>>> print(open('structure.txt').read())   # compact mmCIF, C-alpha atoms
# COMPACT_ATOMS: atom_id res chain seq x y z
CA MET A 427 -20.26 13.30 0.34
CA TYR A 428 -18.45 10.80 2.55
CA LYS A 429 -18.04 11.41 6.27
CA ILE A 430 -14.74 10.96 8.08
CA LEU A 431 -15.67 8.80 11.06
CA LYS A 432 -12.21 8.54 12.61
CA LYS A 433 -8.74 9.98 12.14
CA GLU A 434 -5.56 8.58 13.71
CA ILE A 435 -1.95 9.75 13.35
CA LEU A 436 0.19 6.62 12.96
CA ASN A 437 3.51 8.47 12.66
CA PRO A 438 4.61 11.97 11.63
CA THR A 439 4.02 11.24 7.93
CA VAL A 440 1.29 8.56 7.92
CA THR A 441 -2.38 8.91 8.85
CA ARG A 442 -5.25 6.41 9.11
CA MET A 443 -8.84 7.46 8.42
CA THR A 444 -12.12 5.60 8.59
CA ILE A 445 -14.60 6.78 5.97
CA GLU A 446 -18.34 6.12 6.06
CA ALA A 447 -18.94 4.17 2.85
CA PRO A 448 -21.27 1.22 3.55
CA LEU A 449 -21.60 0.03 -0.05
CA ILE A 450 -17.81 -0.22 -0.40
CA ALA A 451 -17.43 -1.81 3.03
CA LYS A 452 -19.95 -4.47 2.02
CA LYS A 453 -17.91 -5.63 -0.99
CA ALA A 454 -14.26 -4.63 -0.53
CA GLN A 455 -11.66 -7.38 -0.23
CA ALA A 456 -7.96 -7.42 0.64
CA GLY A 457 -5.84 -6.02 -2.17
CA GLN A 458 -8.50 -3.75 -3.65
CA PHE A 459 -8.42 0.04 -3.64
CA ILE A 460 -10.59 3.14 -3.83
CA ILE A 461 -10.19 6.47 -5.63
CA LEU A 462 -11.04 9.66 -3.77
CA ARG A 463 -11.21 13.40 -4.21
CA VAL A 464 -10.87 15.67 -1.20
CA ASP A 465 -13.00 18.41 -2.79
CA GLU A 466 -14.59 19.32 -6.11
CA LYS A 467 -11.40 20.92 -7.43
CA GLY A 468 -9.12 18.16 -6.19
CA GLU A 469 -7.27 15.49 -8.13
CA ARG A 470 -8.20 11.82 -8.04
CA ILE A 471 -5.84 9.61 -6.04
CA PRO A 472 -5.92 5.84 -5.45
CA LEU A 473 -5.57 4.44 -1.93
CA THR A 474 -5.71 0.81 -0.89
CA VAL A 475 -8.51 -0.40 1.35
CA ALA A 476 -6.64 -0.98 4.61
CA GLY A 477 -9.64 -2.57 6.30
CA CYS A 478 -13.40 -2.36 6.51
CA ASP A 479 -16.21 -2.97 8.97
CA ARG A 480 -19.18 -4.41 7.11
CA ALA A 481 -21.48 -3.86 10.10
CA SER A 482 -20.75 -0.16 10.62
CA GLY A 483 -19.99 0.66 6.98
CA GLY A 484 -16.57 2.09 7.76
CA VAL A 485 -13.67 1.79 5.30
CA ASP A 486 -10.10 2.36 6.47
CA ILE A 487 -7.50 4.14 4.37
CA ILE A 488 -3.88 4.74 5.33
CA PHE A 489 -1.91 7.36 3.46
CA GLN A 490 1.50 8.98 3.50
CA ILE A 491 1.62 12.76 3.42
CA VAL A 492 3.79 13.31 0.35
CA GLY A 493 1.99 15.70 -2.00
CA GLY A 494 -0.56 18.48 -2.24
CA THR A 495 -3.58 16.16 -2.23
CA THR A 496 -2.47 14.04 0.72
CA MET A 497 -1.59 17.24 2.58
CA ALA A 498 -5.13 18.52 1.97
CA LEU A 499 -6.57 15.15 2.98
CA ASN A 500 -4.58 15.18 6.20
CA GLU A 501 -6.00 18.58 7.12
CA LYS A 502 -9.49 17.12 7.20
CA LYS A 503 -10.94 16.45 10.66
CA GLU A 504 -13.29 13.84 12.07
CA GLY A 505 -16.86 14.75 11.18
CA GLU A 506 -15.87 16.51 7.96
CA TYR A 507 -16.51 15.10 4.49
CA LEU A 508 -14.71 13.98 1.34
CA CYS A 509 -16.16 14.87 -2.04
CA ASP A 510 -15.73 11.48 -3.74
CA PHE A 511 -14.90 7.98 -2.51
CA VAL A 512 -15.28 5.32 -5.22
CA GLY A 513 -14.67 1.58 -5.13
CA PRO A 514 -13.85 -1.16 -4.57
CA LEU A 515 -11.56 -1.22 -7.61
CA GLY A 516 -8.95 -3.69 -8.81
CA MET A 517 -8.69 -7.43 -8.31
CA PRO A 518 -8.60 -8.89 -4.78
CA THR A 519 -5.43 -10.63 -3.65
CA GLU A 520 -5.80 -14.36 -4.41
CA VAL A 521 -5.14 -16.48 -1.31
CA GLU A 522 -7.12 -19.63 -2.09
CA GLY A 523 -5.06 -22.77 -1.62
CA LEU A 524 -2.16 -20.99 0.09
CA LYS A 525 -1.16 -22.72 3.31
CA LYS A 526 2.22 -21.17 4.07
CA VAL A 527 2.97 -17.61 2.99
CA ALA A 528 5.56 -14.92 3.64
CA VAL A 529 4.16 -11.38 3.56
CA VAL A 530 6.91 -8.79 3.05
CA GLY A 531 5.99 -5.13 3.57
CA GLY A 532 7.98 -1.93 3.47
CA GLY A 533 7.12 1.52 4.81
CA VAL A 534 3.58 2.68 4.12
CA GLY A 535 3.19 -0.42 1.93
CA CYS A 536 2.61 -2.25 5.21
CA ALA A 537 -0.85 -0.67 5.21
CA ILE A 538 -1.60 -2.74 2.10
CA ALA A 539 0.16 -5.83 3.39
CA LEU A 540 -1.82 -5.92 6.65
CA PRO A 541 -5.27 -6.79 5.19
CA VAL A 542 -3.58 -9.43 3.02
CA ALA A 543 -1.93 -10.97 6.09
CA LYS A 544 -5.28 -10.81 7.89
CA LYS A 545 -7.07 -12.58 5.03
CA LEU A 546 -4.42 -15.31 4.99
CA HIS A 547 -4.58 -15.70 8.77
CA GLU A 548 -8.37 -15.99 8.71
CA SER A 549 -8.14 -18.64 5.98
CA GLY A 550 -5.93 -20.75 8.23
CA ALA A 551 -2.62 -20.16 6.46
CA GLU A 552 0.69 -20.04 8.30
CA VAL A 553 1.85 -16.43 7.98
CA THR A 554 5.43 -15.22 8.21
CA ALA A 555 5.42 -11.40 8.23
CA ILE A 556 8.55 -9.38 7.48
CA VAL A 557 8.16 -5.61 7.68
CA GLY A 558 10.75 -2.88 7.27
CA PHE A 559 11.07 0.83 7.94
CA ARG A 560 13.84 3.42 7.82
CA ASN A 561 13.78 3.96 11.60
CA LYS A 562 11.65 3.43 14.71
CA ASP A 563 9.81 6.75 14.32
CA LEU A 564 8.26 5.54 11.05
CA VAL A 565 7.04 2.15 12.31
CA ILE A 566 3.31 1.52 11.86
CA LEU A 567 0.92 -1.36 12.57
CA GLU A 568 3.43 -3.48 14.50
CA ASP A 569 0.92 -4.81 17.03
CA GLU A 570 -1.55 -5.64 14.29
CA PHE A 571 1.03 -7.65 12.34
CA ARG A 572 2.19 -9.51 15.44
CA ALA A 573 -1.39 -10.57 16.19
CA LEU A 574 -1.83 -12.05 12.71
CA SER A 575 1.56 -13.69 12.24
CA ASP A 576 2.95 -17.08 13.18
CA ARG A 577 6.42 -15.56 12.80
CA PHE A 578 7.20 -11.86 12.75
CA PHE A 579 10.34 -9.97 11.77
CA MET A 580 10.69 -6.22 12.38
CA MET A 581 13.51 -4.55 10.45
CA THR A 582 14.80 -0.98 10.48
CA ASP A 583 17.55 0.39 8.27
CA ASP A 584 19.38 1.97 11.20
CA GLY A 585 18.67 -0.73 13.79
CA SER A 586 16.72 1.66 16.04
CA HIS A 587 13.89 -0.88 16.37
CA GLY A 588 13.83 -4.63 15.82
CA GLN A 589 16.72 -5.97 13.74
CA LYS A 590 19.07 -3.83 11.70
CA GLY A 591 18.87 -4.21 7.95
CA ASN A 592 16.37 -4.53 5.13
CA VAL A 593 13.56 -7.04 4.67
CA CYS A 594 15.64 -9.29 2.42
CA LEU A 595 17.97 -10.25 5.26
CA PRO A 596 15.52 -12.50 7.17
CA LEU A 597 13.95 -13.64 3.90
CA ASN A 598 17.32 -14.74 2.49
CA ASP A 599 18.18 -16.38 5.79
CA LEU A 600 14.97 -18.42 5.81
CA LEU A 601 15.31 -19.46 2.18
CA GLY A 602 18.96 -20.33 2.66
CA LYS A 603 18.04 -22.66 5.51
CA GLY A 604 15.65 -24.56 3.27
CA GLU A 605 12.42 -22.81 4.25
CA THR A 606 9.71 -23.10 1.60
CA PHE A 607 6.55 -21.09 0.99
CA ASP A 608 3.53 -21.56 -1.21
CA ALA A 609 3.92 -17.88 -2.04
CA VAL A 610 5.74 -14.72 -1.07
CA ILE A 611 3.62 -11.57 -1.27
CA THR A 612 5.53 -8.28 -1.26
CA ILE A 613 4.16 -4.75 -0.98
CA GLY A 614 6.22 -1.60 -0.65
CA PRO A 615 8.72 0.56 -2.55
CA LEU A 616 9.48 -0.67 -6.06
CA ILE A 617 13.17 -1.18 -5.33
CA MET A 618 12.30 -3.30 -2.29
CA MET A 619 9.88 -5.48 -4.26
CA LYS A 620 12.47 -5.91 -7.01
CA PHE A 621 15.01 -7.30 -4.55
CA VAL A 622 12.43 -9.55 -2.88
CA ALA A 623 11.65 -10.98 -6.32
CA GLU A 624 15.33 -11.57 -6.99
CA ALA A 625 15.71 -13.27 -3.60
CA THR A 626 12.96 -15.80 -4.36
CA ARG A 627 13.75 -16.33 -8.05
CA PRO A 628 16.47 -18.99 -7.59
CA TYR A 629 14.08 -21.01 -5.41
CA HIS A 630 11.22 -20.83 -7.95
CA ILE A 631 8.82 -19.63 -5.26
CA LYS A 632 5.66 -17.95 -6.48
CA THR A 633 6.11 -14.24 -5.72
CA ILE A 634 3.40 -11.60 -6.01
CA ALA A 635 3.99 -7.83 -5.97
CA SER A 636 1.30 -5.20 -5.51
CA MET A 637 1.85 -2.31 -7.91
CA ASN A 638 0.80 1.28 -7.30
CA PRO A 639 1.74 3.27 -10.44
CA ILE A 640 0.39 6.61 -11.60
CA MET A 641 -3.37 6.22 -11.89
CA ILE A 642 -6.22 8.52 -12.90
CA ASP A 643 -9.58 6.89 -13.60
CA GLY A 644 -9.11 3.40 -12.12
CA THR A 645 -11.08 1.73 -14.93
CA GLY A 646 -8.38 1.04 -17.52
CA MET A 647 -9.33 3.85 -19.90
CA CYS A 648 -6.60 6.43 -19.21
CA GLY A 649 -3.65 4.06 -19.58
CA GLY A 650 -1.68 5.90 -16.92
CA CYS A 651 -1.13 2.79 -14.80
CA ARG A 652 0.66 0.75 -17.47
CA VAL A 653 2.96 -1.96 -16.16
CA SER A 654 5.12 -4.29 -18.27
CA VAL A 655 4.61 -7.87 -17.08
CA GLY A 656 6.22 -10.74 -18.98
CA GLY A 657 6.82 -8.47 -21.95
CA LYS A 658 3.14 -7.55 -22.17
CA MET A 659 1.41 -4.32 -21.20
CA LYS A 660 -0.96 -4.59 -18.25
CA PHE A 661 -3.09 -2.02 -16.44
CA ALA A 662 -2.64 -2.06 -12.67
CA CYS A 663 -6.16 -0.74 -12.04
CA VAL A 664 -8.04 -3.57 -13.76
CA ASP A 665 -5.51 -6.37 -14.33
CA GLY A 666 -3.93 -5.90 -10.90
CA PRO A 667 -2.73 -4.43 -8.69
CA ASP A 668 -1.14 -7.86 -7.99
CA PHE A 669 1.25 -9.32 -10.57
CA ASP A 670 3.89 -12.03 -10.85
CA ALA A 671 6.92 -10.26 -9.38
CA HIS A 672 9.32 -12.36 -11.47
CA GLU A 673 7.69 -11.01 -14.64
CA ILE A 674 7.46 -7.29 -13.74
CA ASP A 675 9.82 -4.80 -15.40
CA PHE A 676 10.65 -2.94 -12.18
CA ASP A 677 13.25 -0.69 -13.81
CA GLU A 678 10.67 0.62 -16.27
CA ALA A 679 8.14 1.08 -13.47
CA MET A 680 10.62 3.08 -11.40
CA LYS A 681 11.46 5.29 -14.37
CA ARG A 682 7.77 5.95 -15.13
CA GLY A 683 7.11 6.69 -11.46
CA LYS A 684 9.43 9.71 -11.67
CA THR A 685 7.61 11.25 -14.63
CA TYR A 686 5.76 13.87 -12.60
CA THR A 687 8.34 14.51 -9.87
CA GLU A 688 8.72 18.21 -10.70
CA PHE A 689 4.95 18.70 -10.97
CA GLU A 690 4.41 16.99 -7.61
CA GLN A 691 7.06 19.18 -5.98
CA ALA A 692 5.36 22.29 -7.35
CA ALA A 693 1.98 21.09 -6.05
CA ARG A 694 3.44 20.54 -2.57
CA GLU A 695 4.99 23.99 -2.51
CA LYS A 696 1.77 25.61 -3.75
CA HIS A 697 -0.31 23.87 -1.09
CA CYS A 698 2.16 24.81 1.64
CA ASN A 699 2.10 28.45 0.58
CA LEU A 700 -1.71 28.54 0.49
CA PHE A 701 -1.91 26.88 3.89
CA LYS A 702 0.48 29.40 5.40
CA LYS A 703 -1.73 32.20 4.04
CA GLY A 704 -4.83 30.55 5.48
CA VAL A 705 -6.27 29.71 2.07
CA LYS A 706 -7.75 26.22 1.52
>>> encode(input="structure.txt", output="structure tokens")
Amino acid sequence: MYKILKKEILNPTVTRMTIEAPLIAKKAQAGQFIILRVDEKGERIPLTVAGCDRASGGVDIIFQIVGGTTMALNEKKEGEYLCDFVGPLGMPTEVEGLKKVAVVGGGVGCAIALPVAKKLHESGAEVTAIVGFRNKDLVILEDEFRALSDRFFMMTDDGSHGQKGNVCLPLNDLLGKGETFDAVITIGPLIMMKFVAEATRPYHIKTIASMNPIMIDGTGMCGGCRVSVGGKMKFACVDGPDFDAHEIDFDEAMKRGKTYTEFEQAAREKHCNLFKKGVK
């Protein structure tokens, strides 16, 4: 059992928790993830390590409340426990040798982008952070990004906070003015990462995307997290989650991501009905 040390509501749909998991905290690196179960009857879900405190043994996770499992997770309170919390899994984000990097995050993907930006900042790299959200009510981690960035761009689709538009606007502007980067690292919705990759392709800038496909065991055995990269099949849980964004078949990934849409909707409705009846 893994104790919830802290719970913080970041916005109406996103929550941050700190879980007591000293062995994971000791080894986890930026870009890696864990798999958890809320209770013994719950499903396994992957969540990226959003930060860790090696001294206290706390591991941060940030999740969006979108389905039955994340709804159940969000109902947990400080001092309560999770059934399973396994990791770290996946390959860490590679930052060695990078001196000038653009980190582009979208929505809850910014929770994954933040520890990457932090790792780059601590290594001495010049960090340009571009983050985007639908509106000001959904903005998360702004202060944290500002503290780690040499340049920071806040974008909202409706212009209610920061600049109006998507994350590709400042990226295209910088590239068009002759700005160069050792790498662009993008984390967020698949469609966003696809367009970031297309923006950097003409400039031949190394571009890395963090993939979060359907995943079950996190060890490469189930095959659920298949991703086509450069015409070859890769497993996001063991080969990634970071891949060359110019080689990823994003259209296939988006199609596969919709496979269980109806099942997920049914799970949400079932959980909502049980919660209304007071059954957990």
>>> closest_atom_pairs(input="structure.txt", of="stretch 452-509 of chain A", to="stretch 651-670 of chain A", cutoff="9 Å", atoms="only C-alpha atoms", output="CSV")
residue,atom,partner,partner_atom,distance
A:Gly457,CA,A:Pro667,CA,7.4
A:Gln458,CA,A:Pro667,CA,7.7
A:Phe459,CA,A:Cys663,CA,8.7
>>> closest_residue(input="structure.txt", among="A:Val440, A:Val530, A:Ile471, A:Met619", to="A:Ile566", atoms="all atoms listed in the file")
A:Val440
>>> atom_distance(input="structure.txt", atom1="atom CA of A:Glu520", atom2="atom CA of A:Gly550")
14.2 Å
>>> atom_distance(input="structure.txt", atom1="atom CA of A:Asp599", atom2="atom CA of A:Ile631")
14.8 Å
>>> closest_atom_pairs(input="structure.txt", of="stretch 522-562 of chain A", to="stretch 478-496 of chain A", cutoff="10 Å", atoms="all atoms listed in the file", output="JSON lines")
{"residue": "A:Gly533", "atom": "CA", "partner": "A:Gln490", "partner_atom": "CA", "distance": 9.4}
{"residue": "A:Val534", "atom": "CA", "partner": "A:Gln490", "partner_atom": "CA", "distance": 6.7}
{"residue": "A:Gly535", "atom": "CA", "partner": "A:Ile488", "partner_atom": "CA", "distance": 9.4}
{"residue": "A:Cys536", "atom": "CA", "partner": "A:Ile488", "partner_atom": "CA", "distance": 9.5}
{"residue": "A:Ala537", "atom": "CA", "partner": "A:Ile488", "partner_atom": "CA", "distance": 6.2}
{"residue": "A:Ile538", "atom": "CA", "partner": "A:Ile488", "partner_atom": "CA", "distance": 8.5}
{"residue": "A:Pro541", "atom": "CA", "partner": "A:Cys478", "partner_atom": "CA", "distance": 9.4}
>>> closest_residue(input="structure.txt", among="A:Glu504, A:Lys632, A:Asp643, A:Phe621", to="A:Phe676", atoms="all atoms listed in the file")
A:Phe621
>>> closest_residue(input="structure.txt", among="A:Ala498, A:Phe559, A:Ala454, A:Ala679", to="A:Pro518", atoms="all atoms listed in the file")
A:Ala454
>>> closest_residue(input="structure.txt", among="A:Arg572, A:Ala528, A:Arg560, A:Phe579", to="A:Thr626", atoms="all atoms listed in the file")
A:Ala528
>>> atom_distance(input="structure.txt", atom1="atom CA of A:Asp677", atom2="atom CA of A:Ile556")
23.5 Å
>>> closest_residue(input="structure.txt", among="A:Val622, A:Leu515, A:Val553, A:Ile613", to="A:Ser575", atoms="only C-alpha atoms")
A:Val553
>>> closest_residue(input="structure.txt", among="A:Ile640, A:Ile430, A:Met680, A:Ile611", to="A:Ala543", atoms="only C-alpha atoms")
A:Ile611
>>> residues_around(input="structure.txt", residues="A:Leu601", least_positions_apart="3", cutoff="12 Å", atoms="only C-alpha atoms", output="PDB file with C-alpha atoms, in the coordinates of the input")
ATOM      1  CA  ALA A 528       5.560 -14.920   3.640  1.00  0.00           C
ATOM      2  CA  CYS A 594      15.640  -9.290   2.420  1.00  0.00           C
ATOM      3  CA  LEU A 595      17.970 -10.250   5.260  1.00  0.00           C
ATOM      4  CA  PRO A 596      15.520 -12.500   7.170  1.00  0.00           C
ATOM      5  CA  LEU A 597      13.950 -13.640   3.900  1.00  0.00           C
ATOM      6  CA  ASN A 598      17.320 -14.740   2.490  1.00  0.00           C
ATOM      7  CA  GLY A 604      15.650 -24.560   3.270  1.00  0.00           C
ATOM      8  CA  GLU A 605      12.420 -22.810   4.250  1.00  0.00           C
ATOM      9  CA  THR A 606       9.710 -23.100   1.600  1.00  0.00           C
ATOM     10  CA  PHE A 607       6.550 -21.090   0.990  1.00  0.00           C
ATOM     11  CA  VAL A 610       5.740 -14.720  -1.070  1.00  0.00           C
ATOM     12  CA  VAL A 622      12.430  -9.550  -2.880  1.00  0.00           C
ATOM     13  CA  ALA A 625      15.710 -13.270  -3.600  1.00  0.00           C
ATOM     14  CA  THR A 626      12.960 -15.800  -4.360  1.00  0.00           C
ATOM     15  CA  ARG A 627      13.750 -16.330  -8.050  1.00  0.00           C
ATOM     16  CA  PRO A 628      16.470 -18.990  -7.590  1.00  0.00           C
ATOM     17  CA  TYR A 629      14.080 -21.010  -5.410  1.00  0.00           C
ATOM     18  CA  HIS A 630      11.220 -20.830  -7.950  1.00  0.00           C
ATOM     19  CA  ILE A 631       8.820 -19.630  -5.260  1.00  0.00           C
TER      20      ILE A 631
END
>>> build_atoms(input="structure.txt", residues="stretch 542-558 of chain A", atoms="N, CA, C and O atoms", output="PDB file, in the coordinates of the input")
ATOM      1  N   VAL A 542      -3.930  -8.175   3.691  1.00  0.00           N
ATOM      2  CA  VAL A 542      -3.580  -9.430   3.020  1.00  0.00           C
ATOM      3  C   VAL A 542      -3.178 -10.469   4.060  1.00  0.00           C
ATOM      4  O   VAL A 542      -3.625 -11.622   4.016  1.00  0.00           O
ATOM      5  N   ALA A 543      -2.337 -10.056   5.020  1.00  0.00           N
ATOM      6  CA  ALA A 543      -1.930 -10.970   6.090  1.00  0.00           C
ATOM      7  C   ALA A 543      -3.149 -11.410   6.905  1.00  0.00           C
ATOM      8  O   ALA A 543      -3.247 -12.577   7.302  1.00  0.00           O
ATOM      9  N   LYS A 544      -4.070 -10.488   7.133  1.00  0.00           N
ATOM     10  CA  LYS A 544      -5.280 -10.810   7.890  1.00  0.00           C
ATOM     11  C   LYS A 544      -6.133 -11.846   7.147  1.00  0.00           C
ATOM     12  O   LYS A 544      -6.625 -12.814   7.743  1.00  0.00           O
ATOM     13  N   LYS A 545      -6.281 -11.650   5.837  1.00  0.00           N
ATOM     14  CA  LYS A 545      -7.070 -12.580   5.030  1.00  0.00           C
ATOM     15  C   LYS A 545      -6.443 -13.970   5.045  1.00  0.00           C
ATOM     16  O   LYS A 545      -7.143 -14.987   5.163  1.00  0.00           O
ATOM     17  N   LEU A 546      -5.128 -14.023   4.950  1.00  0.00           N
ATOM     18  CA  LEU A 546      -4.420 -15.310   4.990  1.00  0.00           C
ATOM     19  C   LEU A 546      -4.588 -15.971   6.349  1.00  0.00           C
ATOM     20  O   LEU A 546      -4.854 -17.172   6.447  1.00  0.00           O
ATOM     21  N   HIS A 547      -4.435 -15.182   7.405  1.00  0.00           N
ATOM     22  CA  HIS A 547      -4.580 -15.700   8.770  1.00  0.00           C
ATOM     23  C   HIS A 547      -5.973 -16.276   8.994  1.00  0.00           C
ATOM     24  O   HIS A 547      -6.130 -17.360   9.564  1.00  0.00           O
ATOM     25  N   GLU A 548      -6.987 -15.547   8.531  1.00  0.00           N
ATOM     26  CA  GLU A 548      -8.370 -15.990   8.710  1.00  0.00           C
ATOM     27  C   GLU A 548      -8.676 -17.237   7.896  1.00  0.00           C
ATOM     28  O   GLU A 548      -9.580 -18.000   8.250  1.00  0.00           O
ATOM     29  N   SER A 549      -7.930 -17.452   6.808  1.00  0.00           N
ATOM     30  CA  SER A 549      -8.140 -18.640   5.980  1.00  0.00           C
ATOM     31  C   SER A 549      -7.420 -19.865   6.531  1.00  0.00           C
ATOM     32  O   SER A 549      -7.533 -20.961   5.983  1.00  0.00           O
ATOM     33  N   GLY A 550      -6.638 -19.642   7.608  1.00  0.00           N
ATOM     34  CA  GLY A 550      -5.930 -20.750   8.230  1.00  0.00           C
ATOM     35  C   GLY A 550      -4.509 -20.938   7.772  1.00  0.00           C
ATOM     36  O   GLY A 550      -3.852 -21.918   8.164  1.00  0.00           O
ATOM     37  N   ALA A 551      -3.987 -20.035   6.955  1.00  0.00           N
ATOM     38  CA  ALA A 551      -2.620 -20.160   6.460  1.00  0.00           C
ATOM     39  C   ALA A 551      -1.607 -19.811   7.551  1.00  0.00           C
ATOM     40  O   ALA A 551      -1.883 -19.035   8.460  1.00  0.00           O
ATOM     41  N   GLU A 552      -0.427 -20.405   7.432  1.00  0.00           N
ATOM     42  CA  GLU A 552       0.690 -20.040   8.300  1.00  0.00           C
ATOM     43  C   GLU A 552       1.347 -18.790   7.715  1.00  0.00           C
ATOM     44  O   GLU A 552       1.811 -18.811   6.575  1.00  0.00           O
ATOM     45  N   VAL A 553       1.380 -17.717   8.485  1.00  0.00           N
ATOM     46  CA  VAL A 553       1.850 -16.430   7.980  1.00  0.00           C
ATOM     47  C   VAL A 553       3.176 -16.033   8.620  1.00  0.00           C
ATOM     48  O   VAL A 553       3.288 -15.952   9.845  1.00  0.00           O
ATOM     49  N   THR A 554       4.170 -15.811   7.781  1.00  0.00           N
ATOM     50  CA  THR A 554       5.430 -15.220   8.210  1.00  0.00           C
ATOM     51  C   THR A 554       5.440 -13.778   7.708  1.00  0.00           C
ATOM     52  O   THR A 554       5.403 -13.548   6.496  1.00  0.00           O
ATOM     53  N   ALA A 555       5.445 -12.815   8.614  1.00  0.00           N
ATOM     54  CA  ALA A 555       5.420 -11.400   8.230  1.00  0.00           C
ATOM     55  C   ALA A 555       6.797 -10.787   8.438  1.00  0.00           C
ATOM     56  O   ALA A 555       7.400 -10.930   9.508  1.00  0.00           O
ATOM     57  N   ILE A 556       7.288 -10.122   7.407  1.00  0.00           N
ATOM     58  CA  ILE A 556       8.550  -9.380   7.480  1.00  0.00           C
ATOM     59  C   ILE A 556       8.255  -7.947   7.070  1.00  0.00           C
ATOM     60  O   ILE A 556       7.808  -7.698   5.947  1.00  0.00           O
ATOM     61  N   VAL A 557       8.462  -7.015   7.987  1.00  0.00           N
ATOM     62  CA  VAL A 557       8.160  -5.610   7.680  1.00  0.00           C
ATOM     63  C   VAL A 557       9.397  -4.758   7.950  1.00  0.00           C
ATOM     64  O   VAL A 557      10.181  -5.041   8.859  1.00  0.00           O
ATOM     65  N   GLY A 558       9.561  -3.714   7.139  1.00  0.00           N
ATOM     66  CA  GLY A 558      10.750  -2.880   7.270  1.00  0.00           C
ATOM     67  C   GLY A 558      10.440  -1.406   7.171  1.00  0.00           C
ATOM     68  O   GLY A 558       9.526  -0.980   6.447  1.00  0.00           O
TER      69      GLY A 558
END
